[in-house]
$ cat final14.txt   # compact mmCIF, C-alpha atoms
# COMPACT_ATOMS: atom_id res chain seq x y z
CA MET D 1 -65.52 93.56 -84.21
CA SER D 2 -67.37 90.62 -85.76
CA LEU D 3 -65.73 87.94 -83.63
CA THR D 4 -67.64 87.45 -80.41
CA PHE D 5 -67.45 85.01 -77.53
CA THR D 6 -69.14 84.51 -74.18
CA MET D 7 -67.98 84.00 -70.63
CA ARG D 8 -69.61 80.58 -70.77
CA GLN D 9 -67.34 79.58 -73.64
CA MET D 10 -64.37 80.67 -71.56
CA VAL D 11 -65.57 78.53 -68.66
CA GLU D 12 -66.08 75.52 -70.96
CA ALA D 13 -62.54 75.96 -72.27
CA GLY D 14 -61.14 76.07 -68.73
CA VAL D 15 -59.82 79.62 -69.02
CA HIS D 16 -60.76 80.37 -65.40
CA TYR D 17 -58.47 77.78 -63.79
CA GLY D 18 -55.21 79.19 -62.46
CA HIS D 19 -52.30 77.37 -60.82
CA HIS D 20 -52.06 75.97 -57.31
CA ALA D 21 -52.28 78.83 -54.84
CA ARG D 22 -48.69 78.37 -53.65
CA ARG D 23 -47.40 79.07 -57.17
CA TRP D 24 -49.14 82.41 -57.63
CA ASN D 25 -47.56 85.75 -58.48
CA PRO D 26 -48.95 88.50 -56.18
CA LYS D 27 -48.97 90.87 -59.17
CA MET D 28 -51.86 88.80 -60.57
CA GLY D 29 -53.87 89.24 -57.37
CA GLN D 30 -56.16 91.88 -58.86
CA TYR D 31 -57.26 89.44 -61.57
CA LEU D 32 -58.09 86.52 -59.26
CA TYR D 33 -61.63 85.75 -58.10
CA GLY D 34 -60.70 83.38 -55.27
CA LYS D 35 -59.61 79.80 -54.55
CA LYS D 36 -61.16 76.39 -54.97
CA ASP D 37 -59.40 73.29 -53.61
CA SER D 38 -56.21 75.35 -53.25
CA VAL D 39 -56.35 76.36 -56.94
CA HIS D 40 -56.72 80.01 -57.88
CA ILE D 41 -59.78 80.93 -59.93
CA ILE D 42 -59.27 83.70 -62.47
CA ASP D 43 -61.87 86.46 -62.60
CA LEU D 44 -63.40 86.09 -66.06
CA ARG D 45 -65.38 89.30 -65.58
CA GLN D 46 -62.03 90.99 -66.23
CA SER D 47 -60.71 88.46 -68.74
CA VAL D 48 -63.59 89.02 -71.18
CA PRO D 49 -63.08 92.77 -71.79
CA MET D 50 -59.28 92.42 -71.66
CA PHE D 51 -59.33 89.70 -74.33
CA TYR D 52 -61.58 91.86 -76.51
CA GLN D 53 -59.09 94.71 -76.10
CA ALA D 54 -56.24 92.40 -77.10
CA LEU D 55 -58.15 91.11 -80.14
CA ASN D 56 -58.85 94.66 -81.26
CA ALA D 57 -55.14 95.47 -81.02
CA VAL D 58 -54.29 92.46 -83.20
CA ARG D 59 -57.05 93.30 -85.65
CA ASP D 60 -55.86 96.91 -85.97
CA VAL D 61 -52.30 95.78 -86.75
CA ALA D 62 -53.54 93.37 -89.42
CA ALA D 63 -55.84 96.04 -90.88
CA GLN D 64 -52.80 98.26 -91.39
CA GLY D 65 -50.89 95.49 -93.16
CA GLY D 66 -48.76 94.69 -90.12
CA LYS D 67 -47.16 91.36 -89.21
CA VAL D 68 -48.34 89.24 -86.28
CA LEU D 69 -46.00 86.75 -84.60
CA PHE D 70 -47.54 83.82 -82.67
CA VAL D 71 -45.29 82.44 -79.90
CA GLY D 72 -45.85 79.32 -77.81
CA THR D 73 -43.12 76.72 -77.36
CA LYS D 74 -44.59 74.54 -74.60
CA ARG D 75 -45.65 71.12 -75.82
CA GLN D 76 -49.42 71.64 -75.66
CA ALA D 77 -49.18 75.01 -77.44
CA GLN D 78 -46.98 73.97 -80.36
CA ASP D 79 -49.69 72.67 -82.71
CA PRO D 80 -52.38 75.31 -81.93
CA ILE D 81 -49.83 78.12 -82.38
CA ARG D 82 -48.63 76.79 -85.75
CA GLU D 83 -52.14 76.04 -87.02
CA ALA D 84 -53.48 79.45 -85.99
CA ALA D 85 -50.59 81.34 -87.60
CA GLU D 86 -50.80 79.33 -90.84
CA ARG D 87 -54.57 79.77 -90.94
CA CYS D 88 -54.25 83.56 -91.11
CA GLY D 89 -51.00 83.70 -93.10
CA GLN D 90 -48.83 84.99 -90.26
CA TYR D 91 -45.66 83.86 -88.49
CA TYR D 92 -44.85 81.66 -85.52
CA VAL D 93 -42.22 80.29 -83.15
CA ASN D 94 -43.39 77.04 -81.57
CA TYR D 95 -40.26 75.02 -80.86
CA ARG D 96 -37.70 77.14 -79.02
CA TRP D 97 -37.08 80.86 -78.77
CA LEU D 98 -33.47 81.48 -79.82
CA GLY D 99 -31.72 84.35 -78.08
CA GLY D 100 -31.58 87.35 -80.42
CA MET D 101 -34.40 86.09 -82.62
CA LEU D 102 -35.65 89.68 -82.81
CA THR D 103 -32.79 91.80 -81.50
CA ASN D 104 -30.14 90.11 -83.67
CA TRP D 105 -32.14 89.77 -86.85
CA LYS D 106 -29.04 90.06 -89.04
CA THR D 107 -27.72 86.74 -87.71
CA VAL D 108 -31.15 85.11 -87.88
CA SER D 109 -31.44 86.24 -91.51
CA LYS D 110 -28.28 84.31 -92.37
CA SER D 111 -29.75 81.16 -90.82
CA ILE D 112 -32.97 81.72 -92.77
CA LYS D 113 -31.04 82.05 -96.02
CA HIS D 114 -29.16 78.84 -95.21
CA LEU D 115 -32.46 77.05 -94.52
CA LYS D 116 -33.89 78.22 -97.84
CA ASP D 117 -30.76 77.08 -99.69
CA ILE D 118 -30.95 73.60 -98.15
CA THR D 119 -34.70 73.44 -98.83
CA GLU D 120 -34.15 74.32 -102.48
CA MET D 121 -31.51 71.62 -102.84
CA SER D 122 -33.77 69.12 -101.11
CA ASP D 123 -36.79 70.01 -103.26
CA LYS D 124 -34.76 69.58 -106.43
CA ASN D 125 -32.93 66.58 -104.97
CA ASP D 126 -29.76 68.22 -106.21
CA PHE D 127 -26.84 67.80 -103.84
CA THR D 128 -24.14 67.89 -106.50
CA GLY D 129 -20.69 68.12 -104.98
CA TYR D 130 -21.69 66.78 -101.57
CA THR D 131 -20.72 63.41 -100.11
CA LYS D 132 -23.36 61.06 -98.66
CA LYS D 133 -22.32 62.02 -95.15
CA GLU D 134 -22.55 65.74 -95.95
CA ILE D 135 -25.99 65.27 -97.49
CA LEU D 136 -27.17 63.43 -94.37
CA ASN D 137 -25.84 66.25 -92.18
CA LEU D 138 -27.57 68.86 -94.35
CA LYS D 139 -30.88 67.04 -94.05
CA ARG D 140 -30.51 66.84 -90.27
CA GLU D 141 -29.63 70.52 -90.18
CA LYS D 142 -32.72 71.33 -92.23
CA ILE D 143 -34.94 69.58 -89.67
CA LYS D 144 -33.42 71.60 -86.82
CA LEU D 145 -33.63 74.89 -88.70
CA ASP D 146 -37.24 74.18 -89.71
CA GLN D 147 -38.15 73.66 -86.07
CA ALA D 148 -36.37 76.78 -84.90
CA ILE D 149 -37.03 79.35 -87.63
CA GLY D 150 -39.30 77.70 -90.20
CA GLY D 151 -42.27 79.74 -88.96
CA ILE D 152 -40.50 83.09 -89.46
CA GLN D 153 -38.50 82.44 -92.64
CA ASP D 154 -40.78 84.76 -94.66
CA MET D 155 -41.27 87.43 -91.98
CA ASN D 156 -38.59 89.75 -93.41
CA GLY D 157 -37.91 91.83 -90.30
CA GLN D 158 -39.45 92.38 -86.90
CA PRO D 159 -43.18 91.82 -86.34
CA ASP D 160 -45.62 94.61 -85.49
CA ILE D 161 -47.26 92.76 -82.60
CA ILE D 162 -46.59 89.49 -80.77
CA PHE D 163 -49.13 87.06 -79.30
CA ILE D 164 -47.70 84.86 -76.53
CA ILE D 165 -48.87 81.80 -74.61
CA ASP D 166 -47.16 81.53 -71.17
CA THR D 167 -45.25 84.67 -70.19
CA THR D 168 -43.00 82.75 -67.80
CA LYS D 169 -41.68 80.33 -70.42
CA GLU D 170 -41.42 83.01 -73.11
CA SER D 171 -39.78 85.67 -70.91
CA LEU D 172 -36.88 86.08 -73.36
CA ALA D 173 -39.26 86.82 -76.23
CA ILE D 174 -41.01 89.43 -74.09
CA LYS D 175 -37.70 91.11 -73.17
CA GLU D 176 -36.66 91.33 -76.82
CA ALA D 177 -40.06 92.71 -77.84
CA LYS D 178 -39.94 95.37 -75.13
CA LYS D 179 -36.41 96.36 -76.15
CA LEU D 180 -37.60 96.94 -79.72
CA GLY D 181 -40.90 98.55 -78.74
CA VAL D 182 -43.01 95.76 -80.24
CA PRO D 183 -46.38 95.51 -78.41
CA VAL D 184 -47.15 92.20 -76.72
CA VAL D 185 -50.48 90.41 -76.27
CA ALA D 186 -50.07 87.59 -73.76
CA ILE D 187 -52.07 85.09 -71.76
CA CYS D 188 -51.26 85.66 -68.08
CA ASP D 189 -51.89 82.75 -65.73
CA SER D 190 -51.97 83.15 -61.95
CA ASN D 191 -48.17 82.74 -61.80
CA SER D 192 -47.44 85.42 -64.41
CA ASP D 193 -46.08 88.95 -64.17
CA PRO D 194 -48.50 91.13 -66.18
CA ASP D 195 -46.52 94.35 -65.70
CA GLU D 196 -44.39 93.95 -68.84
CA ILE D 197 -47.33 93.04 -71.08
CA ASP D 198 -49.06 95.68 -73.20
CA PHE D 199 -52.27 93.67 -73.54
CA PRO D 200 -52.46 91.09 -70.72
CA VAL D 201 -55.26 88.53 -70.79
CA PRO D 202 -55.84 86.73 -67.45
CA GLY D 203 -56.35 83.06 -68.23
CA ASN D 204 -55.16 79.47 -68.03
CA ASP D 205 -52.07 78.94 -70.19
CA ASP D 206 -51.78 75.16 -69.82
CA ALA D 207 -55.08 73.53 -70.86
CA ILE D 208 -55.17 72.59 -74.55
CA ARG D 209 -58.80 73.71 -74.91
CA ALA D 210 -57.98 77.12 -73.45
CA ILE D 211 -54.92 77.51 -75.69
CA LYS D 212 -56.93 76.56 -78.77
CA PHE D 213 -59.63 79.03 -77.71
CA TYR D 214 -57.15 81.93 -77.60
CA CYS D 215 -55.41 80.91 -80.82
CA ASP D 216 -58.67 80.56 -82.76
CA TYR D 217 -59.79 84.05 -81.79
CA VAL D 218 -56.46 85.76 -82.36
CA SER D 219 -56.26 84.10 -85.78
CA GLY D 220 -59.82 85.25 -86.46
CA ALA D 221 -58.91 88.80 -85.44
CA VAL D 222 -56.05 88.80 -87.96
CA LEU D 223 -58.33 87.59 -90.74
CA ASP D 224 -60.91 90.20 -89.79
CA GLY D 225 -58.22 92.88 -90.00
CA ILE D 226 -56.99 91.65 -93.38
CA LYS D 227 -60.55 91.73 -94.68
CA ALA D 228 -60.93 95.30 -93.42
CA GLU D 229 -57.67 96.29 -95.13
CA MET D 230 -58.83 94.80 -98.44
CA THR D 231 -62.21 96.49 -98.17
CA ALA D 232 -60.58 99.86 -97.44
CA ALA D 233 -58.38 99.37 -100.50
CA GLY D 234 -61.46 98.84 -102.64
CA VAL D 235 -60.93 95.13 -103.21
CA ASP D 236 -64.13 93.19 -103.85
CA VAL D 237 -63.45 90.28 -101.50
CA GLY D 238 -66.47 88.33 -102.70
CA ALA D 239 -65.37 88.58 -106.33
CA ALA D 240 -61.80 87.51 -105.68
CA GLU D 241 -60.77 84.17 -107.14
CA ALA D 242 -59.42 83.05 -103.76
CA ALA D 243 -61.30 84.95 -101.10
CA PRO D 244 -59.56 85.13 -97.69
CA GLU D 245 -60.97 82.80 -95.05
CA THR D 246 -62.52 85.55 -92.96
CA ASP D 247 -66.02 84.10 -92.74
CA VAL D 248 -65.16 81.19 -90.47
CA ASP D 249 -67.53 81.22 -87.51
CA VAL D 250 -65.06 80.91 -84.66
CA ASP D 251 -67.90 80.77 -82.12
CA ASP D 252 -69.22 77.54 -83.63
CA GLU D 253 -65.76 76.01 -83.83
CA THR D 254 -65.00 76.89 -80.24
CA SER D 255 -68.36 75.63 -79.02
CA GLU D 256 -67.89 72.28 -80.74
CA GLU D 257 -64.37 71.95 -79.33
CA ALA D 258 -65.62 72.79 -75.82

$ encode --input "final14.txt" --output "structure tokens"
Amino acid sequence: MSLTFTMRQMVEAGVHYGHHARRWNPKMGQYLYGKKDSVHIIDLRQSVPMFYQALNAVRDVAAQGGKVLFVGTKRQAQDPIREAAERCGQYYVNYRWLGGMLTNWKTVSKSIKHLKDITEMSDKNDFTGYTKKEILNLKREKIKLDQAIGGIQDMNGQPDIIFIIDTTKESLAIKEAKKLGVPVVAICDSNSDPDEIDFPVPGNDDAIRAIKFYCDYVSGAVLDGIKAEMTAAGVDVGAAEAAPETDVDVDDETSEEA
């Protein structure tokens, strides 16, 4: 694939730092290099090929016209997750994972329809028939719904692959994905359980630089896949009026950020 990175970039982003040794999950032992000042150091010699494998999986899904769902609800992941998903035209959950978000899509669909109805009224500033108090409540409800499901309101069904930051915090999302047979790409820190992940990537899941590093490359993999899909369909990407943003040099962006 055209997106490349180096182990040095991973080090600069802090990908190799795990949690304090007392917080480790023994199942991650095979991916740990050792300890430094009681902090586990992740073996990047394994992280590099495993991240490439994960990126290829994401790229292949996008190349087949599939949907990619970005998930990261911890504070430091919220903005990178949203920005990465929006950059490649995909979907995201960055506030809170609601139980049944995938397995009870029928109920979620009703909430999405309600959100779209309120949004339409708000855009037109047309709340005919509602009292001032009801309008205020609707606007408050819109804010809550936007946070919870705004990133998936156009997904129209289950995704084809999910990218997750922090397997411990997003355990419910992983369970729902496994129940539906949706493959999962996830960053696995030293306290994670990699057994339930289809494409585990050993790495720090707390540092903002590390999170941005992963998100930039996964987003780039999606764009690369979309470009491949368009090329296979005979679309002249260069001649298109609005060419997809697939020529962004993620290496340069990541290097500057690091």

$ atom_distance --input "final14.txt" --atom1 "CA of Ala85 in chain D" --atom2 "CA of Ser219 in chain D"
6.6 Å

$ atom_distance --input "final14.txt" --atom1 "CA of Ser111 in chain D" --atom2 "CA of Val185 in chain D"
27.0 Å

$ residues_around --input "final14.txt" --residues "range 61-78 of chain D" --least-positions-apart "5" --cutoff "6 Å" --atoms "only C-alpha atoms" --output "list in words"
Gln90, Tyr91, Tyr92, Val93, Asn94, Tyr95, Arg96, Pro159, Asp160, Ile161, Ile162, Phe163, Ile164, Ile165, Ile208, Val222, Gly225, Ile226, Ala228 and Glu229 of chain D

$ atom_distance --input "final14.txt" --atom1 "CA of Pro49 in chain D" --atom2 "CA of Gly18 in chain D"
18.3 Å

$ axis_aligned_box --input "final14.txt" --around "range 39-43 of chain D" --padding-each-side "3 Å" --output "AutoDock Vina command-line options"
--center_x -59.1 --center_y 81.4 --center_z -59.8 --size_x 11.5 --size_y 16.1 --size_z 11.7

$ residues_around --input "final14.txt" --residues "Ile187 in chain D" --least-positions-apart "6" --cutoff "12 Å" --atoms "all atoms listed in the file" --output "count of residues only"
42

$ closest_residue --input "final14.txt" --among "D:Asp189, D:Tyr52, D:Glu196, D:Arg45" --to "His20 in chain D" --atoms "only C-alpha atoms"
D:Asp189

$ closest_atom_pairs --input "final14.txt" --of "range 109-202 of chain D" --to "range 22-27 of chain D" --cutoff "6 Å" --atoms "only C-alpha atoms" --output "Markdown table"
| residue | atom | partner | partner_atom | distance |
| --- | --- | --- | --- | --- |
| D:Ser190 | CA | D:Trp24 | CA | 5.2 |
| D:Asn191 | CA | D:Trp24 | CA | 4.3 |
| D:Ser192 | CA | D:Asn25 | CA | 5.9 |

$ residues_near_point --input "final14.txt" --point "(-35.7, 76.3, -90.4)" --cutoff "10 Å" --atoms "all atoms listed in the file" --output "PyMOL selection string"
chain D and resi 111-116+118-119+141-153

$ closest_residue --input "final14.txt" --among "D:Met121, D:Cys188, D:Met155, D:Leu3" --to "Asp216 in chain D" --atoms "all atoms listed in the file"
D:Leu3

$ closest_residue --input "final14.txt" --among "D:Tyr217, D:Trp97, D:Phe5, D:Trp105" --to "Val58 in chain D" --atoms "all atoms listed in the file"
D:Tyr217

$ closest_residue --input "final14.txt" --among "D:Lys212, D:Gly99, D:Thr231, D:Lys106" --to "Ala177 in chain D" --atoms "all atoms listed in the file"
D:Gly99

$ build_atoms --input "final14.txt" --residues "range 172-207 of chain D" --atoms "N, CA and C atoms" --output "tab-separated table (two decimals), keeping the file's coordinate frame"
chain	number	residue	atom	x	y	z
D	172	LEU	N	-37.91	85.52	-72.48
D	172	LEU	CA	-36.88	86.08	-73.36
D	172	LEU	C	-37.51	86.79	-74.56
D	173	ALA	N	-38.57	86.20	-75.11
D	173	ALA	CA	-39.26	86.82	-76.23
D	173	ALA	C	-39.86	88.16	-75.81
D	174	ILE	N	-40.41	88.20	-74.60
D	174	ILE	CA	-41.01	89.43	-74.09
D	174	ILE	C	-39.95	90.52	-73.91
D	175	LYS	N	-38.79	90.14	-73.37
D	175	LYS	CA	-37.70	91.11	-73.17
D	175	LYS	C	-37.24	91.70	-74.50
D	176	GLU	N	-37.11	90.85	-75.51
D	176	GLU	CA	-36.66	91.33	-76.82
D	176	GLU	C	-37.71	92.25	-77.46
D	177	ALA	N	-38.99	91.89	-77.28
D	177	ALA	CA	-40.06	92.71	-77.84
D	177	ALA	C	-40.09	94.08	-77.17
D	178	LYS	N	-39.92	94.09	-75.86
D	178	LYS	CA	-39.94	95.37	-75.13
D	178	LYS	C	-38.75	96.24	-75.54
D	179	LYS	N	-37.60	95.62	-75.76
D	179	LYS	CA	-36.41	96.36	-76.15
D	179	LYS	C	-36.61	97.05	-77.50
D	180	LEU	N	-37.36	96.40	-78.38
D	180	LEU	CA	-37.60	96.94	-79.72
D	180	LEU	C	-38.89	97.76	-79.81
D	181	GLY	N	-39.65	97.78	-78.72
D	181	GLY	CA	-40.90	98.55	-78.74
D	181	GLY	C	-42.02	97.85	-79.47
D	182	VAL	N	-41.95	96.53	-79.58
D	182	VAL	CA	-43.01	95.76	-80.24
D	182	VAL	C	-44.07	95.41	-79.19
D	183	PRO	N	-45.33	95.81	-79.38
D	183	PRO	CA	-46.38	95.51	-78.41
D	183	PRO	C	-46.61	94.01	-78.25
D	184	VAL	N	-46.95	93.61	-77.03
D	184	VAL	CA	-47.15	92.20	-76.72
D	184	VAL	C	-48.55	91.93	-76.18
D	185	VAL	N	-49.22	90.96	-76.78
D	185	VAL	CA	-50.48	90.41	-76.27
D	185	VAL	C	-50.11	89.07	-75.64
D	186	ALA	N	-50.48	88.84	-74.39
D	186	ALA	CA	-50.07	87.59	-73.76
D	186	ALA	C	-51.11	87.06	-72.79
D	187	ILE	N	-51.21	85.74	-72.73
D	187	ILE	CA	-52.07	85.09	-71.76
D	187	ILE	C	-51.32	85.04	-70.44
D	188	CYS	N	-51.91	85.58	-69.39
D	188	CYS	CA	-51.26	85.66	-68.08
D	188	CYS	C	-51.98	84.76	-67.08
D	189	ASP	N	-51.34	83.66	-66.73
D	189	ASP	CA	-51.89	82.75	-65.73
D	189	ASP	C	-51.63	83.32	-64.34
D	190	SER	N	-52.09	82.62	-63.31
D	190	SER	CA	-51.97	83.15	-61.95
D	190	SER	C	-50.54	83.26	-61.46
D	191	ASN	N	-49.59	82.65	-62.18
D	191	ASN	CA	-48.17	82.74	-61.80
D	191	ASN	C	-47.39	83.72	-62.67
D	192	SER	N	-48.09	84.51	-63.46
D	192	SER	CA	-47.44	85.42	-64.41
D	192	SER	C	-47.18	86.80	-63.81
D	193	ASP	N	-46.32	87.54	-64.49
D	193	ASP	CA	-46.08	88.95	-64.17
D	193	ASP	C	-46.67	89.77	-65.32
D	194	PRO	N	-47.83	90.40	-65.10
D	194	PRO	CA	-48.50	91.13	-66.18
D	194	PRO	C	-47.93	92.52	-66.44
D	195	ASP	N	-47.00	92.98	-65.60
D	195	ASP	CA	-46.52	94.35	-65.70
D	195	ASP	C	-45.82	94.68	-67.02
D	196	GLU	N	-45.14	93.69	-67.62
D	196	GLU	CA	-44.39	93.95	-68.84
D	196	GLU	C	-45.20	93.69	-70.11
D	197	ILE	N	-46.48	93.39	-69.93
D	197	ILE	CA	-47.33	93.04	-71.08
D	197	ILE	C	-48.23	94.21	-71.47
D	198	ASP	N	-48.24	94.56	-72.73
D	198	ASP	CA	-49.06	95.68	-73.20
D	198	ASP	C	-50.55	95.35	-73.15
D	199	PHE	N	-50.89	94.11	-73.54
D	199	PHE	CA	-52.27	93.67	-73.54
D	199	PHE	C	-52.37	92.32	-72.82
D	200	PRO	N	-52.36	92.35	-71.48
D	200	PRO	CA	-52.46	91.09	-70.72
D	200	PRO	C	-53.87	90.52	-70.75
D	201	VAL	N	-53.97	89.21	-70.82
D	201	VAL	CA	-55.26	88.53	-70.79
D	201	VAL	C	-55.21	87.48	-69.67
D	202	PRO	N	-55.85	87.71	-68.54
D	202	PRO	CA	-55.84	86.73	-67.45
D	202	PRO	C	-56.51	85.43	-67.89
D	203	GLY	N	-55.77	84.33	-67.79
D	203	GLY	CA	-56.35	83.06	-68.23
D	203	GLY	C	-55.39	81.90	-68.08
D	204	ASN	N	-55.93	80.71	-68.11
D	204	ASN	CA	-55.16	79.47	-68.03
D	204	ASN	C	-54.26	79.36	-69.26
D	205	ASP	N	-52.98	79.06	-69.04
D	205	ASP	CA	-52.07	78.94	-70.19
D	205	ASP	C	-51.54	77.52	-70.36
D	206	ASP	N	-52.23	76.55	-69.74
D	206	ASP	CA	-51.78	75.16	-69.82
D	206	ASP	C	-52.77	74.23	-70.53
D	207	ALA	N	-54.07	74.42	-70.29
D	207	ALA	CA	-55.08	73.53	-70.86
D	207	ALA	C	-55.14	73.69	-72.38
